[in-house]
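Asks: Below are the structure tokens for one structure; questions will follow.
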Amino acid sequence: MSRDPTLHQRRRAPTPVELAGIPWLALLTPAEREIAVADLKIGEAQPGDLVCRIGRPVTYWFGVVDGLLKMSGENADGQTLTFAGLPPGGWFGEGTALKREIYRYNVQTLRKSLVAGLPVDTFHQLLDHSIGFNRFVMNQLNERLAQFIAAREIDRMNNPDLRVARSLAALFNPVLYPGVGEVLRITQQELAYLVGLSRQRVNEALAALEAQGTIRVEYGGLRVLDLPALRSRMFS
């Protein structure tokens, strides 16, 4: 019986349109860009595919060209903990790639997605020679630290509206996820997976946030009208 090809086996060269959606390429010199483009690969991931798996050695530095991924782990009781949602424009795993370690988290697709991968050896080559690439990775690490500190705070929040608001604000981070813009394509069920609430409760929270003028629910996604409010306002 034949098996479907793995995500790695389905990899291919990126198209010009896909390359245009990779934010750090514009920071490279022409020679550096030529090296990166020659080694970049695109994988067409299906819903449920594992892009990274706990215990596997790092081989690529990954980014989301299109779609939605979830980064998660497990606690001592075997319960799944969601660390972050990964929308378009987001690159992740730079810490693991820097140390060439095994993954301590899973990254799974929530819907059909296009995932870009830069081989870890090329990642280190650019780190060793490219000032623009170093600045991008440094900014990534700084923003990622703030994101995970915020995620710890979200986990301790008992107010569902506040949990949804802060989780949405994280997904609209312009540094980590420049491909999102003002509208995030996400379903209520996908948001429920990321926030750790039921779909019904997420729907109620979105209705409350919309009534307060911070978001607008549109066909196939959400538009943020007041990002500072999502980040700072205390919702009753």
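Chain identifiers are assigned as A, B, and so on, following the order in which chains appear in the structure tokens; residues are numbered from 1 within each chain, and ligands are numbered from 1 in order of appearance.
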Would you pick out the contacts of Val175 in chain A at 9 Å or less, using only C-alpha atoms, so that residues sharing its chain but fewer than 6 positions from it are not included, and give the list as number ranges by chain?
Replies: A: 90, 139-140, 143
Asks: Skipping near chain neighbours, those fewer than 5 positions away, what residues fall within 9 Å of Phe136 in chain A using only C-alpha atoms, listed as a ChimeraX atom specification?
Replies: /A:24,27,131,141
Asks: Would you export the selected residues with all heavy atoms as an mmCIF file, in the first residue's frame, please?
Replies:
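What follows is the written file result_31.cif:
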```cif
data_model
loop_
_atom_site.group_PDB
_atom_site.id
_atom_site.type_symbol
_atom_site.label_atom_id
_atom_site.label_comp_id
_atom_site.auth_asym_id
_atom_site.auth_seq_id
_atom_site.Cartn_x
_atom_site.Cartn_y
_atom_site.Cartn_z
ATOM 1 N N TRP A 24 12.242 38.971 5.343
ATOM 2 C CA TRP A 24 13.660 39.226 5.578
ATOM 3 C C TRP A 24 14.503 39.222 4.304
ATOM 4 O O TRP A 24 15.651 39.686 4.317
ATOM 5 C CB TRP A 24 14.231 38.217 6.577
ATOM 6 C CG TRP A 24 13.925 36.781 6.278
ATOM 7 C CD1 TRP A 24 12.869 36.059 6.757
ATOM 8 C CD2 TRP A 24 14.682 35.893 5.441
ATOM 9 N NE1 TRP A 24 12.917 34.774 6.273
ATOM 10 C CE2 TRP A 24 14.019 34.643 5.471
ATOM 11 C CE3 TRP A 24 15.842 36.020 4.694
ATOM 12 C CZ2 TRP A 24 14.488 33.535 4.763
ATOM 13 C CZ3 TRP A 24 16.320 34.926 3.982
ATOM 14 C CH2 TRP A 24 15.651 33.696 4.032
ATOM 15 N N LEU A 27 16.068 42.502 3.235
ATOM 16 C CA LEU A 27 17.144 43.053 4.054
ATOM 17 C C LEU A 27 18.516 42.542 3.636
ATOM 18 O O LEU A 27 19.539 42.994 4.174
ATOM 19 C CB LEU A 27 16.908 42.695 5.534
ATOM 20 C CG LEU A 27 15.541 43.087 6.113
ATOM 21 C CD1 LEU A 27 15.419 42.595 7.542
ATOM 22 C CD2 LEU A 27 15.342 44.592 6.043
ATOM 23 N N ILE A 131 24.578 41.433 7.966
ATOM 24 C CA ILE A 131 24.139 42.337 9.031
ATOM 25 C C ILE A 131 22.620 42.455 9.034
ATOM 26 O O ILE A 131 21.979 42.420 10.085
ATOM 27 C CB ILE A 131 24.791 43.726 8.859
ATOM 28 C CG1 ILE A 131 26.297 43.628 9.066
ATOM 29 C CG2 ILE A 131 24.175 44.729 9.843
ATOM 30 C CD1 ILE A 131 27.038 44.926 8.821
ATOM 31 N N LEU A 141 13.857 37.478 18.038
ATOM 32 C CA LEU A 141 14.069 36.931 19.378
ATOM 33 C C LEU A 141 13.519 37.864 20.447
ATOM 34 O O LEU A 141 12.917 37.414 21.431
ATOM 35 C CB LEU A 141 15.558 36.695 19.608
ATOM 36 C CG LEU A 141 16.188 35.550 18.800
ATOM 37 C CD1 LEU A 141 17.703 35.591 18.912
ATOM 38 C CD2 LEU A 141 15.647 34.205 19.256
#
```
Asks: Would you list the contacts of Leu209 in chain A as a PyMOL selection string, taking every protein, DNA or RNA residue within 9 Å and counting only C-alpha atoms, but skipping same-chain residues closer than 6 positions in sequence?
Replies: chain A and resi 161+164-165+215-216+230+235
Asks: List as a list in words the protein and nucleic acid residues near Leu126 in chain A, meaning an atom at most 8 Å away when only C-alpha atoms are counted, but skip any in the same chain fewer than 6 places from it.
Replies: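 These residues fall inside the cut-off: Glu32, Phe133 and Asn134 of chain A.
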Asks: Write out as JSON, numbers by chain all residues of range 10-227 of chain A that backbone DSSP assigns to strand (DSSP E or B).
Replies: {"A": [12, 41, 42, 43, 44, 45, 50, 51, 52, 57, 60, 61, 62, 63, 64, 65, 66, 69, 70, 71, 72, 73, 74, 80, 81, 82, 83, 84, 85, 86, 91, 92, 102, 106, 107, 108, 109, 113, 114, 115, 116, 117, 118, 119, 183, 184, 215, 216, 217, 218, 221, 222, 223, 224]}
Asks: Compare A:Leu25, A:Val107, A:Leu86, A:Ile102 by their minimum atom-to-atom distance to Asp49 in chain A, counting only C-alpha atoms, and give me the closest one.
Replies: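 Checking each candidate against Asp49 in chain A, we get A:Val107 as the closest.
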